[in-house]
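Undergrad: Contents of work-v2.txt (compact mmCIF, C-alpha atoms) are given next:
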# COMPACT_ATOMS: atom_id res chain seq x y z
CA MET A 1287 30.08 -13.57 7.55
CA PRO A 1288 27.38 -14.68 5.11
CA LEU A 1289 24.13 -12.75 5.35
CA VAL A 1290 20.93 -14.73 5.84
CA ILE A 1291 17.57 -13.00 5.75
CA PHE A 1292 14.43 -14.41 7.30
CA ILE A 1293 10.95 -13.26 6.27
CA ASP A 1294 7.92 -14.31 8.30
CA ASP A 1295 4.84 -12.38 9.37
CA SER A 1296 4.88 -14.34 12.65
CA GLU A 1297 7.07 -12.69 15.29
CA THR A 1298 7.22 -15.92 17.28
CA ALA A 1299 8.51 -17.77 14.20
CA LEU A 1300 11.23 -15.13 13.80
CA ALA A 1301 12.08 -15.34 17.51
CA SER A 1302 12.42 -19.09 17.14
CA THR A 1303 14.75 -18.88 14.12
CA LYS A 1304 16.81 -16.16 15.81
CA MET A 1305 17.44 -18.35 18.85
CA VAL A 1306 18.42 -21.24 16.59
CA THR A 1307 20.83 -19.22 14.45
CA ASP A 1308 22.39 -17.10 17.21
CA SER A 1309 25.23 -19.59 17.63
CA MET A 1310 25.98 -19.85 13.89
CA PRO A 1311 28.72 -17.91 12.08
CA ILE A 1312 26.22 -15.93 10.03
CA GLU A 1313 24.75 -12.45 10.01
CA VAL A 1314 20.96 -12.47 10.26
CA LYS A 1315 18.37 -9.87 9.25
CA GLN A 1316 14.69 -10.43 9.89
CA TYR A 1317 11.59 -9.00 8.23
CA THR A 1318 7.90 -9.36 9.04
CA GLN A 1319 6.92 -8.16 5.55
CA ALA A 1320 8.27 -9.51 2.26
CA GLN A 1321 7.77 -6.19 0.52
CA THR A 1322 10.13 -4.49 3.00
CA ALA A 1323 12.83 -7.09 2.37
CA LEU A 1324 12.34 -6.72 -1.37
CA ALA A 1325 12.70 -2.94 -1.16
CA GLU A 1326 16.00 -3.30 0.71
CA ILE A 1327 17.24 -5.87 -1.81
CA LYS A 1328 16.38 -3.50 -4.66
CA ALA A 1329 18.27 -0.79 -2.76
CA GLY A 1330 21.42 -2.92 -2.65
CA LEU A 1331 21.10 -5.54 0.11
CA THR A 1332 22.73 -8.76 -1.12
CA PRO A 1333 21.86 -11.75 1.05
CA ASP A 1334 23.70 -15.04 0.64
CA LEU A 1335 20.60 -17.02 1.63
CA ILE A 1336 16.92 -16.13 1.95
CA ILE A 1337 14.51 -18.08 4.12
CA THR A 1338 10.90 -17.05 3.71
CA ASP A 1339 7.44 -18.01 4.87
CA LEU A 1340 4.78 -18.67 2.22
CA ASN A 1341 1.44 -17.51 3.62
CA MET A 1342 1.83 -13.83 4.41
CA PRO A 1343 -0.48 -10.85 3.90
CA VAL A 1344 0.20 -8.22 1.20
CA MET A 1345 3.00 -10.19 -0.50
CA ASN A 1346 3.19 -13.97 -0.09
CA GLY A 1347 6.30 -16.12 -0.46
CA PHE A 1348 5.70 -16.99 -4.11
CA GLU A 1349 5.05 -13.37 -5.09
CA PHE A 1350 8.23 -12.39 -3.26
CA LEU A 1351 10.19 -15.14 -4.99
CA LYS A 1352 9.00 -14.05 -8.44
CA ALA A 1353 9.99 -10.44 -7.70
CA LEU A 1354 13.31 -11.59 -6.24
CA ARG A 1355 14.21 -13.45 -9.43
CA GLY A 1356 13.56 -10.25 -11.37
CA VAL A 1357 16.31 -8.42 -9.47
CA ALA A 1358 19.71 -9.03 -11.07
CA SER A 1359 21.62 -9.35 -7.78
CA THR A 1360 19.27 -12.02 -6.39
CA SER A 1361 18.24 -13.81 -9.56
CA ARG A 1362 20.11 -16.91 -8.35
CA THR A 1363 20.28 -16.39 -4.57
CA PRO A 1364 19.52 -19.65 -2.72
CA THR A 1365 16.06 -19.45 -1.19
CA LEU A 1366 14.33 -21.82 1.21
CA MET A 1367 10.61 -21.84 1.96
CA LEU A 1368 9.86 -22.29 5.68
CA THR A 1369 6.14 -22.90 5.98
CA THR A 1370 3.19 -24.80 7.45
CA GLU A 1371 2.11 -25.53 3.87
CA THR A 1372 2.39 -29.22 3.00
CA LYS A 1373 0.66 -29.61 -0.36
CA PRO A 1374 2.90 -31.31 -2.97
CA GLU A 1375 1.46 -29.02 -5.69
CA MET A 1376 2.68 -25.99 -3.75
CA LYS A 1377 6.16 -27.51 -3.44
CA GLN A 1378 6.19 -28.09 -7.19
CA GLN A 1379 5.18 -24.49 -7.78
CA GLY A 1380 8.04 -23.37 -5.55
CA LYS A 1381 10.48 -25.63 -7.34
CA ALA A 1382 9.38 -24.20 -10.70
CA LEU A 1383 10.04 -20.70 -9.37
CA GLY A 1384 13.62 -21.66 -8.49
CA LEU A 1385 13.34 -22.50 -4.80
CA THR A 1386 16.32 -24.28 -3.29
CA GLY A 1387 14.30 -26.26 -0.77
CA TRP A 1388 11.18 -26.62 1.36
CA ILE A 1389 11.06 -26.84 5.16
CA VAL A 1390 7.80 -27.73 6.91
CA LYS A 1391 7.12 -26.17 10.31
CA PRO A 1392 7.66 -27.03 13.05
CA PHE A 1393 11.34 -27.68 12.26
CA GLN A 1394 13.89 -29.05 14.70
CA PRO A 1395 16.72 -26.56 15.47
CA ALA A 1396 19.35 -29.04 14.24
CA GLN A 1397 17.48 -29.45 10.95
CA LEU A 1398 17.43 -25.72 10.27
CA LYS A 1399 21.11 -25.33 11.19
CA SER A 1400 21.97 -28.24 8.93
CA ALA A 1401 20.01 -26.78 6.00
CA ILE A 1402 21.67 -23.36 6.37
CA SER A 1403 25.13 -24.92 6.67
CA ARG A 1404 24.52 -27.07 3.63
CA VAL A 1405 23.39 -24.20 1.41
CA LEU A 1406 26.15 -21.84 2.59
CA ARG A 1407 28.76 -24.64 2.68
CA LEU A 1408 29.69 -23.75 6.25
CA PRO A 1409 32.27 -26.01 7.96
CA ALA A 1410 30.62 -28.71 10.07
CA MET B 778 -34.81 -12.62 9.70
CA MET B 779 -34.13 -11.83 13.33
CA MET B 780 -32.57 -15.26 13.57
CA LEU B 781 -30.09 -14.34 10.81
CA ASP B 782 -29.21 -11.12 12.62
CA SER B 783 -28.49 -13.15 15.75
CA ILE B 784 -26.32 -15.58 13.79
CA ASP B 785 -24.44 -12.64 12.27
CA LYS B 786 -23.77 -11.18 15.72
CA LEU B 787 -22.68 -14.55 17.05
CA LEU B 788 -20.25 -14.98 14.13
CA SER B 789 -18.82 -11.51 14.75
CA HIS B 790 -18.30 -12.43 18.40
CA ILE B 791 -16.49 -15.65 17.44
CA GLN B 792 -14.20 -13.65 15.12
CA GLU B 793 -13.35 -11.23 17.94
CA VAL B 794 -12.57 -14.08 20.34
CA GLN B 795 -10.33 -15.74 17.76
CA LEU B 796 -8.43 -12.50 17.13
CA ASP B 797 -7.91 -12.14 20.90
CA VAL B 798 -6.61 -15.72 21.11
CA ILE B 799 -4.15 -15.06 18.27
CA GLU B 800 -2.88 -11.93 20.03
CA LEU B 801 -2.65 -13.53 23.47
CA SER B 802 -0.91 -16.71 22.31
CA GLY B 803 1.59 -14.59 20.36
CA GLU B 804 2.29 -12.34 23.35
CA SER B 805 2.62 -15.34 25.64
CA LEU B 806 5.29 -16.98 23.51
CA MET B 807 7.12 -13.72 22.82
CA LYS B 808 7.42 -13.26 26.59
CA MET B 809 8.79 -16.78 26.88
CA SER B 810 11.35 -16.24 24.11
CA GLY B 811 12.29 -12.88 25.66
CA PHE B 812 12.89 -14.59 29.01
CA MET B 813 15.07 -17.22 27.36
CA GLN B 814 17.17 -14.70 25.49
CA LYS B 815 17.54 -12.47 28.55
CA ASN B 816 18.82 -15.42 30.57
CA GLY B 817 20.98 -16.87 27.82
CA LEU B 818 18.98 -20.10 27.66
CA GLU B 819 19.51 -22.25 24.60
CA ILE B 820 16.51 -23.29 22.55
CA ASP B 821 15.82 -27.03 22.44
CA ASP B 822 13.54 -29.07 20.19
CA ASP B 823 10.51 -28.78 22.49
CA ILE B 824 10.71 -25.00 22.92
CA SER B 825 11.35 -24.55 19.21
CA THR B 826 8.27 -26.63 18.44
CA ALA B 827 6.18 -24.67 20.98
CA LEU B 828 7.14 -21.37 19.35
CA GLN B 829 6.29 -22.68 15.93
CA TYR B 830 2.96 -24.14 17.04
CA GLN B 831 1.89 -20.55 17.75
CA ASP B 832 2.36 -19.82 14.05
CA ILE B 833 0.22 -22.82 13.15
CA ILE B 834 -2.45 -21.70 15.67
CA THR B 835 -2.45 -18.23 14.10
CA GLN B 836 -2.79 -19.55 10.57
CA GLN B 837 -5.53 -22.00 11.51
CA LEU B 838 -7.55 -19.35 13.36
CA THR B 839 -7.00 -16.81 10.58
CA ALA B 840 -8.37 -19.34 8.08
CA THR B 841 -11.51 -19.81 10.21
CA ILE B 842 -11.88 -16.04 10.61
CA GLU B 843 -11.81 -15.78 6.80
CA ALA B 844 -14.40 -18.58 6.56
CA ILE B 845 -16.66 -16.75 9.01
CA GLU B 846 -16.27 -13.53 7.00
CA SER B 847 -17.32 -15.41 3.89
CA MET B 848 -20.36 -16.86 5.73
CA LYS B 849 -21.36 -13.41 6.96
CA LYS B 850 -21.25 -12.03 3.41
CA SER B 851 -23.35 -14.92 2.07
CA ILE B 852 -25.94 -14.44 4.82
CA GLU B 853 -25.99 -10.70 4.16
CA MET B 854 -26.67 -11.29 0.45
CA PHE B 855 -29.46 -13.71 1.31
CA SER B 856 -31.02 -11.24 3.76
CA HIS B 857 -30.91 -8.51 1.14
CA ALA B 858 -32.59 -10.70 -1.50
CA TYR B 859 -35.20 -11.87 1.00
CA LYS B 860 -36.08 -8.33 2.03
CA SER B 861 -36.33 -7.04 -1.54
CA ASP B 862 -38.45 -9.89 -2.92
CA GLU B 863 -39.84 -12.68 -0.83
CA GLY B 864 -40.52 -14.63 -4.03
CA LEU B 865 -36.78 -14.92 -4.49
CA ALA B 866 -36.30 -16.33 -1.01
CA GLN B 867 -36.40 -19.96 -2.08
CA GLN B 868 -33.82 -19.41 -4.85
CA SER B 869 -31.68 -17.37 -2.48
CA ILE B 870 -31.66 -20.01 0.20
CA VAL B 871 -30.40 -22.57 -2.33
CA LYS B 872 -27.61 -20.18 -3.33
CA LEU B 873 -26.83 -19.53 0.34
CA GLN B 874 -26.52 -23.25 0.98
CA GLU B 875 -24.18 -23.64 -2.01
CA LYS B 876 -21.97 -20.77 -0.88
CA LEU B 877 -21.78 -22.10 2.67
CA GLN B 878 -20.74 -25.51 1.30
CA ILE B 879 -17.96 -23.88 -0.73
CA THR B 880 -16.84 -21.93 2.35
CA LEU B 881 -16.81 -25.12 4.43
CA GLN B 882 -14.75 -26.99 1.83
CA ASP B 883 -12.28 -24.13 1.52
CA ALA B 884 -11.92 -23.93 5.32
CA LYS B 885 -11.31 -27.69 5.56
CA ASP B 886 -8.73 -27.48 2.80
CA LYS B 887 -6.87 -24.71 4.64
CA LYS B 888 -7.01 -26.67 7.91
CA SER B 889 -5.21 -29.51 6.20
CA ARG B 890 -2.76 -27.31 4.28
CA PHE B 891 -1.69 -25.12 7.20
CA SER B 892 -1.13 -27.87 9.76
CA GLY B 893 2.55 -28.33 9.03
CA LYS B 894 3.99 -31.41 10.71
CA PHE B 895 1.26 -31.17 13.36
CA ASP B 896 -0.78 -33.19 10.90
CA ALA B 897 0.30 -36.80 11.48
CA ALA B 898 0.26 -37.49 7.75
CA HIS B 899 3.29 -35.23 7.39
CA ALA B 900 5.05 -36.17 10.62
CA ASP B 901 7.95 -37.80 8.81
CA ASP B 902 8.56 -34.97 6.35
CA ALA B 903 12.19 -33.93 6.36
CA ILE B 904 13.70 -30.86 4.76
CA GLU B 905 13.31 -31.28 1.04
CA PHE B 906 15.95 -29.91 -1.30
CA PHE B 907 15.11 -29.44 -4.96
Output the structure of this file as C-alpha cells.
TA:
Amino acid sequence: MPLVIFIDDSETALASTKMVTDSMPIEVKQYTQAQTALAEIKAGLTPDLIITDLNMPVMNGFEFLKALRGVASTSRTPTLMLTTETKPEMKQQGKALGLTGWIVKPFQPAQLKSAISRVLRLPA
Amino acid sequence: MMMLDSIDKLLSHIQEVQLDVIELSGESLMKMSGFMQKNGLEIDDDISTALQYQDIITQQLTATIEAIESMKKSIEMFSHAYKSDEGLAQQSIVKLQEKLQITLQDAKDKKSRFSGKFDAAHADDAIEFF
C-alpha cells in the first residue's frame, strides 16, 4: 500500500485526518513535528505522498519542504499543504518550492480523500 | 508607572487564560475523536469541521498570545526608559505607540491569514492543485 505521511502540530487535526483516511487503501504515518519526519526520511523512509501543515513551531511547512527537496529520495515526492493559511502570496511561495497542491482547513472528508486518490492514482 | 505594572499583570493573566483555553479545547476534541474511534463511528463533514476548527482556534489564540508578548516587551522598554531618564519619557511614549500599532497590525494580519475557510471570503476555496 502507498505510504502517506501527515505532519501537523495539532493533534486534533491529525485525529481528523486519521479518521478520514482509515477507510482508504493506504498506509498512514503521522508526525507532530516536521523535523522528526525529516529525520526519518533522511534515515530511509520513502513516502509516496506527504501532507503537511504550514504554521508549525521549530520547523514550518516551507522549511520542511525546502529540506525535503534536498533529500534525493524525496526530491520529487508529491506534497500537499494542509493549512489555515489563505494568502495567495503564500500559495505562490509553496508552488515555487514544488508543492503539488494547497488545501485550506477546514476540509471536507470527501475532498481530502479525493485529493489523496488523485495524487496516488488510486482506483475510484 | 504603577498603572503599567497593572497592565502588564493583566496581559500576563490574559495569556494564561488563552493557553488554558487552547489546552482545554484540544483535550475536549481529542476525547470526542477517541470516543468515535472506540465506537467505530465514521467521521462526517460536521465532525471533521469541528475537529479542524480547534486548530483554527489554537492558531488564532497563539497569534494573540504572541501579540500580547510583543506589547509586554514594548511596555517594559518604555518603563525602563522612563525610569532611567524622565526627559526621555515623551520620546519613549511615541515609540511605544508606534510599536503597539505595529503589533496591532501584525495581529490583525494573522487573524485574517489563519482563519482558513472560517473566513467567509474564502468559503468557496476548493483544493488547489498546482
Undergrad: As JSON, numbers by chain, please: the residues near Val1357 in chain A (cut-off 10 Å, only C-alpha atoms, same-chain neighbours under 6 positions excluded).
TA: {"A": [1324, 1327, 1328]}
Undergrad: Please determine the contact residues of chain A with respect to chain B at a cut-off of 10 Å, counting only C-alpha atoms, and supply them as a ChimeraX atom specification.
TA: /A:1294-1306,1308-1309,1341-1342,1366-1373,1376-1378,1380-1382,1384-1398,1400-1401,1405
Undergrad: Quote the spacing between CA of Leu788 in chain B and CA of Glu846 in chain B in Å to one decimal place.
TA: 8.3 Å
Undergrad: Just to confirm, what's the straight-line distance from CA of Ser789 in chain B to CA of Lys860 in chain B in Å (one decimal)?
TA: 21.7 Å
Undergrad: So, counting all atoms listed in the file, which residue among A:Thr1307, A:Ser1403, A:Gln1379, A:Thr1318 is closest to Asp1334 in chain A?
TA: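 Among the listed residues, the smallest separation from Asp1334 in chain A belongs to A:Ser1403.
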Undergrad: So the first atom is CA of Met848 in chain B and the second is CA of Glu793 in chain B; what is the distance between them in Å, to one decimal place?
TA: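 Atom-to-atom, CA of Met848 in chain B to CA of Glu793 in chain B, that is 15.2 Å.
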Undergrad: With distances taken over all atoms listed in the file, which residue among B:Ile784, B:Leu838, B:Val871, B:Ile852 lies nearest Leu796 in chain B?
TA: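 Ranking B:Ile784, B:Leu838, B:Val871, B:Ile852 by distance to Leu796 in chain B, first place goes to B:Leu838.
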Undergrad: Please list as an mmCIF file with C-alpha atoms, in the frame of the given file every residue within 9 Å of Gln795 in chain B, counting all atoms listed in the file and excluding residues in the same chain fewer than 5 positions away.
TA:
data_model
loop_
_atom_site.group_PDB
_atom_site.id
_atom_site.type_symbol
_atom_site.label_atom_id
_atom_site.label_comp_id
_atom_site.auth_asym_id
_atom_site.auth_seq_id
_atom_site.Cartn_x
_atom_site.Cartn_y
_atom_site.Cartn_z
ATOM 1 C CA HIS B 790 -18.300 -12.430 18.400
ATOM 2 C CA GLU B 800 -2.880 -11.930 20.030
ATOM 3 C CA LEU B 838 -7.550 -19.350 13.360
ATOM 4 C CA THR B 839 -7.000 -16.810 10.580
ATOM 5 C CA THR B 841 -11.510 -19.810 10.210
ATOM 6 C CA ILE B 842 -11.880 -16.040 10.610
#
Undergrad: From the options B:Leu781, B:Ile791, B:Ala844, B:Ile799, which residue's atoms come nearest to Gln878 in chain B, counting all atoms listed in the file?
TA: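 Of the candidates, the smallest distance to Gln878 in chain B is held by B:Ala844.
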Undergrad: Excluding range 1354-1356 of chain A and its own-chain neighbours fewer than 3 positions away, which residues fall within 12 Å of it when counting only C-alpha atoms? Please give them as a ChimeraX atom specification.
TA: /A:1320-1321,1323-1328,1331-1333,1336,1338,1345,1347-1351,1359-1365,1382-1385
Undergrad: Can you work out which one of A:Ile1402, A:Ala1353, A:Leu1408, A:Leu1335 has the shortest atom-to-atom distance to Val1290 in chain A, counting all atoms listed in the file?
TA: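 So, comparing all the options, the nearest one is A:Leu1335.
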Undergrad: Which is closer to Ala1329 in chain A than all the others in A:Ile1293, A:Lys1315, A:Val1344, A:Ala1358, using all atoms listed in the file?
TA: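 Smallest distance to Ala1329 in chain A is found for A:Ala1358.
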